[in-house]
Each structure stands twice: as structure tokens, then as C-alpha cells.
file data09.pdb (PDB, C-alpha atoms, pLDDT in the B column)
ATOM      1  CA  MET J   1      12.730 -15.764   6.155  1.00 75.00           C
ATOM      2  CA  ASP J   2      11.196 -14.282   9.330  1.00 79.00           C
ATOM      3  CA  ARG J   3      12.962 -10.960   8.680  1.00 83.00           C
ATOM      4  CA  ILE J   4      11.605 -10.816   5.142  1.00 84.00           C
ATOM      5  CA  ILE J   5       8.064 -11.490   6.338  1.00 80.00           C
ATOM      6  CA  ALA J   6       8.433  -8.869   9.082  1.00 83.00           C
ATOM      7  CA  ASN J   7       9.691  -6.329   6.543  1.00 84.00           C
ATOM      8  CA  LEU J   8       6.752  -7.091   4.265  1.00 84.00           C
ATOM      9  CA  ASP J   9       4.423  -6.430   7.178  1.00 85.00           C
ATOM     10  CA  LYS J  10       6.151  -3.064   7.662  1.00 87.00           C
ATOM     11  CA  VAL J  11       5.742  -2.287   3.958  1.00 88.00           C
ATOM     12  CA  LYS J  12       2.046  -3.117   4.199  1.00 84.00           C
ATOM     13  CA  LEU J  13       1.717  -0.758   7.162  1.00 86.00           C
ATOM     14  CA  LYS J  14       3.436   2.034   5.223  1.00 86.00           C
ATOM     15  CA  LEU J  15       1.096   1.461   2.281  1.00 86.00           C
ATOM     16  CA  ASP J  16      -1.886   1.748   4.619  1.00 86.00           C
ATOM     17  CA  GLU J  17      -0.449   5.027   5.923  1.00 87.00           C
ATOM     18  CA  ALA J  18      -0.050   6.277   2.339  1.00 87.00           C
ATOM     19  CA  PHE J  19      -3.745   5.582   1.692  1.00 84.00           C
ATOM     20  CA  PHE J  20      -4.608   7.540   4.833  1.00 86.00           C
ATOM     21  CA  TYR J  21      -2.531  10.544   3.744  1.00 84.00           C
ATOM     22  CA  LEU J  22      -3.980  10.366   0.249  1.00 83.00           C
ATOM     23  CA  ASP J  23      -7.460  10.611   1.730  1.00 83.00           C
ATOM     24  CA  GLU J  24      -6.370  13.615   3.809  1.00 83.00           C
ATOM     25  CA  ILE J  25      -4.967  15.354   0.717  1.00 81.00           C
ATOM     26  CA  GLU J  26      -8.206  14.807  -1.177  1.00 79.00           C
ATOM     27  CA  GLU J  27     -10.187  16.283   1.721  1.00 80.00           C
ATOM     28  CA  LEU J  28      -7.918  19.333   1.895  1.00 77.00           C
ATOM     29  CA  VAL J  29      -8.252  19.926  -1.835  1.00 77.00           C
ATOM     30  CA  GLN J  30     -12.032  19.760  -1.579  1.00 76.00           C
ATOM     31  CA  ASP J  31     -12.131  22.021   1.488  1.00 76.00           C
ATOM     32  CA  GLU J  32      -9.824  24.640  -0.021  1.00 73.00           C
ATOM     33  CA  GLY J  33     -12.001  25.037  -3.092  1.00 72.00           C
ATOM     34  CA  ILE J  34      -9.208  25.199  -5.667  1.00 74.00           C
ATOM     35  CA  ASP J  35     -10.148  25.917  -9.262  1.00 77.00           C
ATOM     36  CA  GLU J  36     -11.848  23.220 -11.295  1.00 77.00           C
ATOM     37  CA  ASP J  37      -8.879  22.413 -13.553  1.00 80.00           C
ATOM     38  CA  ALA J  38      -6.456  21.991 -10.656  1.00 77.00           C
ATOM     39  CA  GLY J  39      -9.010  19.960  -8.737  1.00 76.00           C
ATOM     40  CA  ALA J  40      -9.469  17.643 -11.713  1.00 79.00           C
ATOM     41  CA  LYS J  41      -5.709  17.150 -12.032  1.00 81.00           C
ATOM     42  CA  VAL J  42      -5.383  16.385  -8.326  1.00 80.00           C
ATOM     43  CA  GLY J  43      -8.297  13.960  -8.582  1.00 79.00           C
ATOM     44  CA  GLN J  44      -6.705  12.165 -11.530  1.00 84.00           C
ATOM     45  CA  ALA J  45      -3.319  11.984  -9.800  1.00 82.00           C
ATOM     46  CA  SER J  46      -4.985  10.697  -6.642  1.00 81.00           C
ATOM     47  CA  GLY J  47      -6.777   8.029  -8.641  1.00 83.00           C
ATOM     48  CA  ARG J  48      -3.567   6.873 -10.306  1.00 85.00           C
ATOM     49  CA  LEU J  49      -1.691   6.879  -7.011  1.00 86.00           C
ATOM     50  CA  SER J  50      -4.462   4.969  -5.312  1.00 83.00           C
ATOM     51  CA  SER J  51      -4.425   2.348  -8.081  1.00 85.00           C
ATOM     52  CA  GLU J  52      -0.657   1.962  -7.848  1.00 84.00           C
ATOM     53  CA  LEU J  53      -0.750   1.682  -4.058  1.00 86.00           C
ATOM     54  CA  SER J  54      -3.524  -0.878  -4.239  1.00 86.00           C
ATOM     55  CA  ALA J  55      -1.607  -2.979  -6.773  1.00 87.00           C
ATOM     56  CA  LEU J  56       1.546  -2.764  -4.669  1.00 87.00           C
ATOM     57  CA  SER J  57      -0.384  -3.713  -1.552  1.00 85.00           C
ATOM     58  CA  THR J  58      -1.789  -6.762  -3.330  1.00 87.00           C
ATOM     59  CA  ARG J  59       1.694  -7.798  -4.464  1.00 87.00           C
ATOM     60  CA  VAL J  60       3.060  -7.437  -0.931  1.00 87.00           C
ATOM     61  CA  ASP J  61       0.261  -9.642   0.401  1.00 86.00           C
ATOM     62  CA  GLU J  62       0.909 -12.250  -2.295  1.00 88.00           C
ATOM     63  CA  LEU J  63       4.637 -12.270  -1.582  1.00 88.00           C
ATOM     64  CA  ARG J  64       4.052 -12.560   2.169  1.00 86.00           C
ATOM     65  CA  GLN J  65       1.722 -15.524   1.597  1.00 89.00           C
ATOM     66  CA  ILE J  66       4.266 -17.244  -0.645  1.00 90.00           C
ATOM     67  CA  LEU J  67       7.033 -16.736   1.899  1.00 88.00           C
ATOM     68  CA  GLU J  68       4.863 -18.003   4.743  1.00 88.00           C
ATOM     69  CA  ALA J  69       3.983 -21.086   2.687  1.00 91.00           C
ATOM     70  CA  LEU J  70       7.674 -21.697   2.002  1.00 90.00           C
ATOM     71  CA  LYS J  71       8.440 -21.279   5.689  1.00 87.00           C
ATOM     72  CA  ASP J  72       5.696 -23.764   6.598  1.00 89.00           C
ATOM     73  CA  ARG J  73       7.020 -26.206   4.010  1.00 89.00           C
ATOM     74  CA  GLU J  74      10.523 -25.943   5.454  1.00 87.00           C
ATOM     75  CA  SER J  75       9.279 -26.606   8.972  1.00 86.00           C
ATOM     76  CA  ASP J  76       7.306 -29.654   7.777  1.00 85.00           C
ATOM     77  CA  GLU J  77      10.393 -31.230   6.208  1.00 76.00           C
TER      78      GLU J  77
END
call {"tool": "encode", "arguments": {"input": "data09.pdb", "output": "C-alpha cells"}}
result
Amino acid sequence: MDRIIANLDKVKLKLDEAFFYLDEIEELVQDEGIDEDAGAKVGQASGRLSSELSALSTRVDELRQILEALKDRESDE
């Protein structure tokens, strides 16, 4: 159980890193001044990716909480 929780913490860290890199990509796109159509496509892809990462991050947190509750329940018994 402890290994699973530790791995979920690592997943959460990786998701946070992905958000950071996504922000960097958006800044580079804006700084480089690519054409409007390409910029719009990158913006849409970034939005979708951000939504997916956010949903995954929420699921990881929920799973970690469930596992910690199960661990606490086991130690109480």
C-alpha cells in the first residue's frame, strides 16, 4: 500500500512538471510570433492537454486519498 501511495505521489509530481512545460511551450509560441492559424491550433491543443492533465491530476489525488483511508482503516483494525 505504501508503495502505491508513493508511486501516486510521483505521478502527481510528473503531472505538475507537465503543466510547467505546457506553460513554457505556450510562452515560446507567443514569443516566436507564429502565424495566427498555427497559434490557434497550438492554443486549442494546449487547452485540451491542460484539461486532460487536470482531470488526471484530480483522479490521482482521489485515488491517493482512497488508498490512505484504506491504509488507516487497516491500521485501526
call {"tool": "residues_around", "arguments": {"input": "data09.pdb", "residues": "range 43-58 of chain J", "least_positions_apart": "6", "cutoff": "10 Å", "atoms": "all atoms listed in the file", "output": "PyMOL selection string"}}
result
chain J and resi 8+11-16+18-19+22-23+25-26+29-30+37+64
call {"tool": "resolve_selection", "arguments": {"input": "data09.pdb", "expression": "the PyMOL selection byres ((chain J and resi 5) around 9)", "output": "number ranges by chain"}}
result
J: 1-4, 6-10, 63-65, 67-68
call {"tool": "atom_distance", "arguments": {"input": "data09.pdb", "atom1": "CA of Glu24 in chain J", "atom2": "CA of Val42 in chain J"}}
result
12.5 Å
call {"tool": "atom_distance", "arguments": {"input": "data09.pdb", "atom1": "CA of Ile66 in chain J", "atom2": "CA of Tyr21 in chain J"}}
result
28.9 Å
call {"tool": "atom_distance", "arguments": {"input": "data09.pdb", "atom1": "CA of Leu28 in chain J", "atom2": "CA of Ala40 in chain J"}}
result
13.8 Å
